[in-house]
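S.K.: My structure is stored as model_38.cif, with mmCIF, C-alpha atoms.
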```
data_upload
#
loop_
_atom_site.group_PDB
_atom_site.id
_atom_site.type_symbol
_atom_site.label_atom_id
_atom_site.label_comp_id
_atom_site.auth_asym_id
_atom_site.auth_seq_id
_atom_site.Cartn_x
_atom_site.Cartn_y
_atom_site.Cartn_z
ATOM 1 C CA MET A 1 0.617 39.228 54.128
ATOM 2 C CA GLU A 2 3.659 38.317 56.193
ATOM 3 C CA THR A 3 1.497 38.696 59.293
ATOM 4 C CA GLU A 4 -1.815 37.031 58.368
ATOM 5 C CA LEU A 5 -0.390 34.395 56.014
ATOM 6 C CA ARG A 6 3.099 33.987 57.374
ATOM 7 C CA TYR A 7 2.796 30.178 57.339
ATOM 8 C CA VAL A 8 2.355 30.254 53.551
ATOM 9 C CA MET A 9 5.459 32.380 53.040
ATOM 10 C CA ASP A 10 7.458 30.192 55.421
ATOM 11 C CA ALA A 11 6.399 27.146 53.396
ATOM 12 C CA VAL A 12 7.521 28.839 50.166
ATOM 13 C CA ARG A 13 10.953 29.568 51.686
ATOM 14 C CA VAL A 14 11.405 26.007 52.941
ATOM 15 C CA ILE A 15 10.332 24.430 49.642
ATOM 16 C CA ARG A 16 12.577 26.748 47.633
ATOM 17 C CA ARG A 17 15.525 25.801 49.826
ATOM 18 C CA GLU A 18 14.815 22.064 49.603
ATOM 19 C CA LEU A 19 14.398 22.128 45.824
ATOM 20 C CA ASP A 20 17.866 23.642 45.524
ATOM 21 C CA GLY A 21 17.271 24.836 41.974
ATOM 22 C CA SER A 22 16.200 21.410 40.597
ATOM 23 C CA VAL A 23 12.817 22.671 39.359
ATOM 24 C CA PRO A 24 11.158 26.117 39.401
ATOM 25 C CA LEU A 25 8.807 26.839 42.276
ATOM 26 C CA ILE A 26 5.376 28.153 41.230
ATOM 27 C CA GLY A 27 3.366 30.389 43.530
ATOM 28 C CA PHE A 28 -0.328 30.631 42.800
ATOM 29 C CA SER A 29 -3.657 32.173 43.664
ATOM 30 C CA GLY A 30 -7.254 31.885 42.590
ATOM 31 C CA SER A 31 -8.583 34.557 40.285
ATOM 32 C CA PRO A 32 -10.800 37.339 41.678
ATOM 33 C CA TRP A 33 -13.875 35.876 39.977
ATOM 34 C CA THR A 34 -13.216 32.343 41.252
ATOM 35 C CA LEU A 35 -12.600 33.543 44.807
ATOM 36 C CA ALA A 36 -15.762 35.668 44.662
ATOM 37 C CA CYS A 37 -17.717 32.578 43.557
ATOM 38 C CA TYR A 38 -16.697 30.735 46.708
ATOM 39 C CA MET A 39 -17.377 33.779 48.866
ATOM 40 C CA VAL A 40 -20.888 34.371 47.552
ATOM 41 C CA GLU A 41 -21.922 30.736 47.107
ATOM 42 C CA GLY A 42 -20.357 29.599 50.382
ATOM 43 C CA GLY A 43 -18.557 26.742 48.599
ATOM 44 C CA GLY A 44 -18.724 24.888 45.325
ATOM 45 C CA SER A 45 -21.829 24.995 43.164
ATOM 46 C CA LYS A 46 -23.280 23.308 40.100
ATOM 47 C CA ASP A 47 -24.583 26.471 38.447
ATOM 48 C CA PHE A 48 -23.345 29.406 40.610
ATOM 49 C CA ALA A 49 -26.836 30.840 40.561
ATOM 50 C CA ARG A 50 -26.303 33.230 43.478
ATOM 51 C CA ILE A 51 -23.292 35.069 42.127
ATOM 52 C CA LYS A 52 -24.783 35.170 38.629
ATOM 53 C CA ALA A 53 -27.911 36.730 40.076
ATOM 54 C CA MET A 54 -25.713 39.220 41.891
ATOM 55 C CA ALA A 55 -23.928 40.052 38.630
ATOM 56 C CA LEU A 56 -27.251 40.690 36.900
ATOM 57 C CA ASN A 57 -29.116 42.477 39.692
ATOM 58 C CA GLU A 58 -26.348 44.173 41.692
ATOM 59 C CA PRO A 59 -23.378 44.615 39.353
ATOM 60 C CA ALA A 60 -21.995 47.598 41.282
ATOM 61 C CA ALA A 61 -21.779 45.580 44.505
ATOM 62 C CA LEU A 62 -20.091 42.695 42.712
ATOM 63 C CA HIS A 63 -17.562 45.035 41.074
ATOM 64 C CA GLN A 64 -16.733 46.472 44.480
ATOM 65 C CA LEU A 65 -16.186 42.958 45.864
ATOM 66 C CA LEU A 66 -14.019 41.948 42.884
ATOM 67 C CA SER A 67 -11.941 45.113 43.250
ATOM 68 C CA VAL A 68 -11.171 44.355 46.893
ATOM 69 C CA VAL A 69 -10.342 40.725 46.078
ATOM 70 C CA THR A 70 -8.063 41.838 43.216
ATOM 71 C CA ASP A 71 -6.051 44.033 45.567
ATOM 72 C CA ALA A 72 -5.674 41.070 47.940
ATOM 73 C CA VAL A 73 -4.584 38.726 45.128
ATOM 74 C CA ILE A 74 -1.924 41.194 43.948
ATOM 75 C CA ALA A 75 -0.542 41.533 47.482
ATOM 76 C CA TYR A 76 -0.646 37.754 48.003
ATOM 77 C CA LEU A 77 1.283 37.001 44.807
ATOM 78 C CA ALA A 78 3.819 39.736 45.523
ATOM 79 C CA ALA A 79 4.470 38.227 48.962
ATOM 80 C CA GLN A 80 5.020 34.778 47.444
ATOM 81 C CA ARG A 81 7.460 36.260 44.938
ATOM 82 C CA ALA A 82 9.376 37.951 47.744
ATOM 83 C CA ALA A 83 9.467 34.646 49.660
ATOM 84 C CA GLY A 84 11.100 32.840 46.736
ATOM 85 C CA ALA A 85 8.459 31.822 44.184
ATOM 86 C CA GLN A 86 10.055 31.841 40.735
ATOM 87 C CA VAL A 87 6.823 31.721 38.689
ATOM 88 C CA LEU A 88 3.358 33.052 39.550
ATOM 89 C CA GLN A 89 0.092 31.585 38.304
ATOM 90 C CA VAL A 90 -3.542 32.675 38.604
ATOM 91 C CA PHE A 91 -6.252 30.010 38.317
ATOM 92 C CA ASP A 92 -9.548 31.233 36.892
ATOM 93 C CA THR A 93 -11.283 27.926 37.519
ATOM 94 C CA TRP A 94 -14.860 29.153 37.126
ATOM 95 C CA GLY A 95 -14.411 31.726 34.377
ATOM 96 C CA GLY A 96 -15.918 29.274 31.914
ATOM 97 C CA VAL A 97 -19.362 29.426 33.558
ATOM 98 C CA LEU A 98 -19.810 33.013 32.358
ATOM 99 C CA SER A 99 -21.219 34.162 29.054
ATOM 100 C CA PRO A 100 -18.710 35.990 26.809
ATOM 101 C CA GLY A 101 -19.987 39.426 27.789
ATOM 102 C CA MET A 102 -20.079 38.653 31.490
ATOM 103 C CA TYR A 103 -16.625 37.083 31.317
ATOM 104 C CA ARG A 104 -15.101 40.243 29.862
ATOM 105 C CA GLU A 105 -16.795 42.370 32.516
ATOM 106 C CA PHE A 106 -16.385 40.301 35.673
ATOM 107 C CA SER A 107 -13.297 38.159 35.062
ATOM 108 C CA LEU A 108 -11.035 39.356 32.232
ATOM 109 C CA ARG A 109 -11.131 42.922 33.499
ATOM 110 C CA TYR A 110 -9.577 41.956 36.850
ATOM 111 C CA LEU A 111 -7.095 39.485 35.368
ATOM 112 C CA THR A 112 -5.804 42.390 33.273
ATOM 113 C CA ARG A 113 -5.412 44.462 36.411
ATOM 114 C CA ILE A 114 -3.317 41.736 38.025
ATOM 115 C CA ALA A 115 -1.064 41.391 34.976
ATOM 116 C CA GLN A 116 -0.499 45.148 34.768
ATOM 117 C CA GLU A 117 -0.227 46.100 38.450
ATOM 118 C CA LEU A 118 1.698 43.136 39.890
ATOM 119 C CA GLU A 119 5.396 43.977 40.286
ATOM 120 C CA ARG A 120 7.408 41.212 38.626
ATOM 121 C CA GLY A 121 10.872 42.702 38.106
ATOM 122 C CA GLN A 122 12.864 43.388 34.943
ATOM 123 C CA GLY A 123 15.232 41.470 32.680
ATOM 124 C CA ASP A 124 16.611 38.221 34.017
ATOM 125 C CA GLN A 125 15.022 38.909 37.396
ATOM 126 C CA ARG A 126 11.519 39.098 35.928
ATOM 127 C CA THR A 127 9.060 36.606 37.392
ATOM 128 C CA PRO A 128 6.781 35.098 34.706
ATOM 129 C CA LEU A 129 3.025 35.267 35.197
ATOM 130 C CA ILE A 130 0.736 32.481 33.935
ATOM 131 C CA LEU A 131 -3.022 32.890 33.577
ATOM 132 C CA PHE A 132 -5.117 29.725 33.472
ATOM 133 C CA GLY A 133 -8.833 29.562 32.734
ATOM 134 C CA LYS A 134 -10.954 26.426 32.662
ATOM 135 C CA GLY A 135 -13.318 26.458 29.703
ATOM 136 C CA THR A 136 -12.108 29.876 28.518
ATOM 137 C CA GLY A 137 -10.498 28.836 25.229
ATOM 138 C CA LEU A 138 -12.765 31.309 23.446
ATOM 139 C CA HIS A 139 -10.951 34.161 25.218
ATOM 140 C CA LEU A 140 -7.328 33.104 24.671
ATOM 141 C CA GLY A 141 -6.705 35.991 22.289
ATOM 142 C CA ALA A 142 -7.931 38.526 24.854
ATOM 143 C CA LEU A 143 -5.950 36.830 27.640
ATOM 144 C CA ALA A 144 -2.789 37.056 25.537
ATOM 145 C CA ASP A 145 -3.266 40.852 25.400
ATOM 146 C CA THR A 146 -3.428 41.244 29.208
ATOM 147 C CA GLY A 147 0.365 41.375 29.609
ATOM 148 C CA ALA A 148 0.783 37.857 31.021
ATOM 149 C CA ASP A 149 3.853 35.884 29.966
ATOM 150 C CA ALA A 150 2.094 32.536 29.488
ATOM 151 C CA LEU A 151 -1.380 31.032 29.336
ATOM 152 C CA GLY A 152 -2.540 27.723 30.749
ATOM 153 C CA VAL A 153 -4.656 25.710 28.304
ATOM 154 C CA ASP A 154 -7.128 23.104 29.508
ATOM 155 C CA TRP A 155 -7.797 19.735 27.844
ATOM 156 C CA THR A 156 -10.839 20.943 25.878
ATOM 157 C CA LEU A 157 -8.733 22.807 23.299
ATOM 158 C CA ASP A 158 -5.974 21.570 20.996
ATOM 159 C CA LEU A 159 -2.629 23.295 21.338
ATOM 160 C CA SER A 160 -2.623 24.038 17.611
ATOM 161 C CA ASP A 161 -5.877 25.978 18.002
ATOM 162 C CA ALA A 162 -4.525 27.745 21.089
ATOM 163 C CA LEU A 163 -1.384 28.744 19.171
ATOM 164 C CA ALA A 164 -3.482 30.096 16.302
ATOM 165 C CA ARG A 165 -5.615 32.178 18.676
ATOM 166 C CA THR A 166 -2.691 33.640 20.609
ATOM 167 C CA GLY A 167 -0.478 34.254 17.574
ATOM 168 C CA GLY A 168 2.712 33.305 19.420
ATOM 169 C CA ARG A 169 2.466 36.327 21.728
ATOM 170 C CA VAL A 170 2.653 34.177 24.876
ATOM 171 C CA ALA A 171 3.943 30.779 25.928
ATOM 172 C CA LEU A 172 1.436 27.939 26.354
ATOM 173 C CA GLN A 173 1.245 25.540 29.277
ATOM 174 C CA GLY A 174 -0.843 22.539 30.292
ATOM 175 C CA ASN A 175 -3.334 20.899 27.888
ATOM 176 C CA LEU A 176 -3.429 17.598 29.842
ATOM 177 C CA GLY A 177 -6.637 16.054 31.139
ATOM 178 C CA PRO A 178 -6.899 15.386 34.883
ATOM 179 C CA ARG A 179 -6.572 11.602 34.395
ATOM 180 C CA HIS A 180 -3.511 11.621 32.132
ATOM 181 C CA PRO A 181 -0.897 11.648 34.932
ATOM 182 C CA VAL A 182 -2.293 8.384 36.344
ATOM 183 C CA ARG A 183 -2.660 6.578 33.001
ATOM 184 C CA GLN A 184 -0.806 3.281 32.961
ATOM 185 C CA PRO A 185 1.899 2.590 30.364
ATOM 186 C CA ARG A 186 0.950 0.794 27.146
ATOM 187 C CA GLY A 187 2.743 -2.385 28.247
ATOM 188 C CA HIS A 188 0.295 -2.820 31.128
ATOM 189 C CA ARG A 189 -2.683 -3.281 28.798
ATOM 190 C CA THR A 190 -1.841 -6.864 27.857
ATOM 191 C CA ARG A 191 -1.388 -7.787 31.507
ATOM 192 C CA ARG A 192 -4.752 -6.251 32.360
ATOM 193 C CA ARG A 193 -6.704 -8.361 29.847
ATOM 194 C CA PRO A 194 -6.701 -11.685 31.777
ATOM 195 C CA ARG A 195 -7.616 -9.805 34.925
ATOM 196 C CA ALA A 196 -10.477 -8.047 33.125
ATOM 197 C CA ARG A 197 -11.841 -11.369 31.815
ATOM 198 C CA GLN A 198 -11.637 -12.826 35.314
ATOM 199 C CA LEU A 199 -13.591 -9.896 36.739
ATOM 200 C CA ARG A 200 -16.258 -10.248 34.057
ATOM 201 C CA ARG A 201 -16.684 -13.955 34.820
ATOM 202 C CA ARG A 202 -16.914 -13.191 38.531
ATOM 203 C CA GLN A 203 -19.527 -10.529 37.842
ATOM 204 C CA ARG A 204 -21.700 -13.077 35.992
ATOM 205 C CA ARG A 205 -21.760 -15.293 39.092
ATOM 206 C CA LEU A 206 -23.032 -12.490 41.323
ATOM 207 C CA PRO A 207 -26.784 -12.533 42.137
ATOM 208 C CA ARG A 208 -28.806 -10.279 39.927
ATOM 209 C CA ARG A 209 -30.293 -7.168 41.422
ATOM 210 C CA PRO A 210 -34.068 -6.744 41.281
ATOM 211 C CA ARG A 211 -35.234 -4.637 38.378
ATOM 212 C CA ILE A 212 -36.545 -1.196 39.239
ATOM 213 C CA GLN A 213 -39.685 -0.052 37.467
ATOM 214 C CA PRO A 214 -40.296 3.543 38.555
ATOM 215 C CA GLY A 215 -42.891 4.223 35.884
ATOM 216 C CA PRO A 216 -42.803 6.962 33.251
ATOM 217 C CA ARG A 217 -41.433 9.530 35.698
ATOM 218 C CA HIS A 218 -39.928 9.241 39.159
ATOM 219 C CA VAL A 219 -41.475 11.628 41.673
ATOM 220 C CA PRO A 220 -39.257 12.670 44.639
ATOM 221 C CA GLY A 221 -40.435 10.965 47.795
ATOM 222 C CA HIS A 222 -42.140 8.174 45.852
ATOM 223 C CA GLU A 223 -40.633 4.732 46.349
ATOM 224 C CA PRO A 224 -40.244 2.876 43.028
ATOM 225 C CA ARG A 225 -41.834 -0.526 42.619
ATOM 226 C CA THR A 226 -39.531 -3.525 42.492
ATOM 227 C CA ARG A 227 -40.239 -6.389 40.134
ATOM 228 C CA ARG A 228 -39.054 -9.698 41.491
ATOM 229 C CA ARG A 229 -39.157 -12.984 39.715
ATOM 230 C CA ALA A 230 -40.186 -15.963 41.785
ATOM 231 C CA GLY A 231 -37.529 -18.458 42.791
ATOM 232 C CA ARG A 232 -33.746 -17.972 42.499
ATOM 233 C CA GLY A 233 -33.360 -17.520 46.217
ATOM 234 C CA ARG A 234 -36.046 -14.827 46.465
ATOM 235 C CA ALA A 235 -38.928 -14.806 48.925
ATOM 236 C CA PRO A 236 -41.322 -17.722 48.111
ATOM 237 C CA VAL A 237 -44.541 -16.894 46.335
ATOM 238 C CA GLU A 238 -47.306 -18.757 48.094
ATOM 239 C CA GLN A 239 -50.025 -18.681 45.434
ATOM 240 C CA ALA A 240 -49.218 -18.354 41.765
ATOM 241 C CA LEU A 241 -51.803 -18.996 39.116
ATOM 242 C CA ILE A 242 -50.243 -20.537 36.072
ATOM 243 C CA HIS A 243 -52.086 -20.487 32.783
ATOM 244 C CA ARG A 244 -52.849 -23.652 31.063
ATOM 245 C CA ARG A 245 -51.331 -23.912 27.612
ATOM 246 C CA GLY A 246 -51.752 -27.050 25.553
ATOM 247 C CA GLY A 247 -52.570 -29.080 28.632
ATOM 248 C CA GLN A 248 -49.287 -28.029 30.369
ATOM 249 C CA PRO A 249 -48.775 -25.189 32.862
ATOM 250 C CA THR A 250 -46.284 -22.433 31.846
ATOM 251 C CA ASN A 251 -44.031 -22.119 34.874
ATOM 252 C CA GLY A 252 -42.860 -18.803 36.203
ATOM 253 C CA ARG A 253 -45.704 -16.545 35.001
ATOM 254 C CA LEU A 254 -47.732 -14.845 37.721
ATOM 255 C CA TYR A 255 -51.376 -13.811 37.408
ATOM 256 C CA PRO A 256 -53.898 -12.288 39.834
ATOM 257 C CA GLN A 257 -55.877 -14.633 42.062
ATOM 258 C CA THR A 258 -59.136 -15.757 40.433
ATOM 259 C CA PRO A 259 -62.359 -16.434 42.367
ATOM 260 C CA ALA A 260 -62.794 -19.877 43.801
ATOM 261 C CA VAL A 261 -64.643 -22.301 41.542
ATOM 262 C CA THR A 262 -66.879 -25.259 42.229
ATOM 263 C CA PRO A 263 -65.450 -28.602 41.086
ATOM 264 C CA ASN A 264 -67.112 -29.990 37.951
ATOM 265 C CA ASP A 265 -69.064 -26.757 37.399
ATOM 266 C CA PRO A 266 -69.682 -26.707 33.621
ATOM 267 C CA ALA A 267 -69.976 -22.902 33.557
ATOM 268 C CA THR A 268 -66.455 -22.288 34.812
ATOM 269 C CA CYS A 269 -64.640 -25.558 34.242
ATOM 270 C CA ARG A 270 -63.425 -24.753 30.719
ATOM 271 C CA ALA A 271 -61.904 -21.372 31.682
ATOM 272 C CA THR A 272 -60.364 -22.385 35.018
ATOM 273 C CA PRO A 273 -56.532 -22.127 35.189
ATOM 274 C CA TRP A 274 -54.550 -24.604 37.155
ATOM 275 C CA VAL A 275 -53.333 -23.602 40.598
ATOM 276 C CA ALA A 276 -49.717 -24.153 41.589
ATOM 277 C CA THR A 277 -48.014 -23.595 44.902
ATOM 278 C CA ARG A 278 -44.394 -22.432 44.740
ATOM 279 C CA ARG A 279 -42.154 -22.733 47.779
ATOM 280 C CA ALA A 280 -38.407 -22.212 47.724
ATOM 281 C CA GLY A 281 -38.375 -22.383 43.926
ATOM 282 C CA LYS A 282 -40.254 -25.740 43.596
ATOM 283 C CA ASN A 283 -43.638 -26.240 41.905
ATOM 284 C CA SER A 284 -46.269 -28.740 43.046
ATOM 285 C CA SER A 285 -49.283 -28.615 40.760
ATOM 286 C CA HIS A 286 -52.640 -29.629 42.243
ATOM 287 C CA ALA A 287 -55.127 -31.607 40.266
ATOM 288 C CA SER A 288 -57.499 -29.614 38.153
ATOM 289 C CA PRO A 289 -60.805 -28.838 39.848
ATOM 290 C CA CYS A 290 -62.514 -30.106 36.705
ATOM 291 C CA ILE A 291 -62.821 -33.867 36.782
ATOM 292 C CA GLY A 292 -63.993 -35.786 33.772
#
```
Show how you would write the structure in this file as structure tokens.

M.R.:
Amino acid sequence: METELRYVMDAVRVIRRELDGSVPLIGFSGSPWTLACYMVEGGGSKDFARIKAMALNEPAALHQLLSVVTDAVIAYLAAQRAAGAQVLQVFDTWGGVLSPGMYREFSLRYLTRIAQELERGQGDQRTPLILFGKGTGLHLGALADTGADALGVDWTLDLSDALARTGGRVALQGNLGPRHPVRQPRGHRTRRRPRARQLRRRQRRLPRRPRIQPGPRHVPGHEPRTRRRAGRGRAPVEQALIHRRGGQPTNGRLYPQTPAVTPNDPATCRATPWVATRRAGKNSSHASPCIG
């Protein structure tokens, strides 16, 4: 590790020297399962379908990969400890995507190996090991039996529940949501209220977006239809037929174009709507084709 990842160990030495004992320096690594996820998927994933398929169809190959990665993680953490890291932590970020049985087989098994095989010293010189799993609160009891000194708890589980599941066998760490460190103090809430009202008023003055009516189901590649009301700065509607109601046209309602009618034709005169031309939001109603 001092050859391939010397820059990491040099960084650990520099940071340890600059901290000068003010706070402990934590060295870390991803868990074997999490690292294998990135290796097989080629990056992040929403469902990790490839590595799950590998676990189901080729479990022997996946176990061989996880075994090699576990050896590398143990060597990597040991090198960080030798460089000056005072605490070591393993992040099992994607352990929570596994079912309970698959988690015990493909993740917990190799975390136990790390806790048992990693040299951490004795007595006052012992380097604590923390295991963190995202979405693995169900397995806290089993993680406490691995031999780790502490467990990281994510924000989906109360510390009281975590303490009950671990039985005080290990220390607990974490339990803060990702947004908590950037939450503003309580005193800032009153100062935010006038600003929030101002933003809401400004939002009301913004032009409305056209409503999207995709239909009962949006098909990929199909452009949704846009409903636009006439006027309000939109493109002018040249011909809009407005129904006659009580002798007065009802403005703003659009209807399909009707066939042309002959003035004073008794057959069509009674059912003929008035025709209005709308330009730039203004109506100019023509006289009815029925005279008399």

S.K.: The PyMOL selection byres ((chain A and resi 27) around 9) - which residues does that actually catch in the file I just gave you? List them as a PyMOL selection string.

M.R.: chain A and resi 12+25-26+28-29+77+80-81+84-90

S.K.: List the spatial neighbours of Ala83 (chain A) as a compact mmCIF listing (two decimals) with C-alpha atoms, in the frame of the given file - criterion: any atom at most 7 Å away, all atoms listed in the file, same-chain residues fewer than 4 positions off excluded.

M.R.:
```txt
# COMPACT_ATOMS: atom_id res chain seq x y z
CA MET A 9 5.46 32.38 53.04
CA VAL A 12 7.52 28.84 50.17
CA ARG A 13 10.95 29.57 51.69
CA ALA A 79 4.47 38.23 48.96
```

S.K.: Any idea what's packed within 9 Å of region 117-123 of chain A, counting only C-alpha atoms, ignoring anything in its chain fewer than 5 positions away? Could you give it as a ChimeraX atom specification?

M.R.: /A:74-75,77-78,81,112,128-129

S.K.: Find the distance between CA of Ala11 (chain A) and CA of Val23 (chain A) and write it in Å to one decimal.

M.R.: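 Rounded to one decimal, the two atoms are 16.1 Å apart.
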
S.K.: Between CA of Gly137 (chain A) and CA of Asp154 (chain A), what is the distance in Å, rounded to a tenth?

M.R.: 7.9 Å
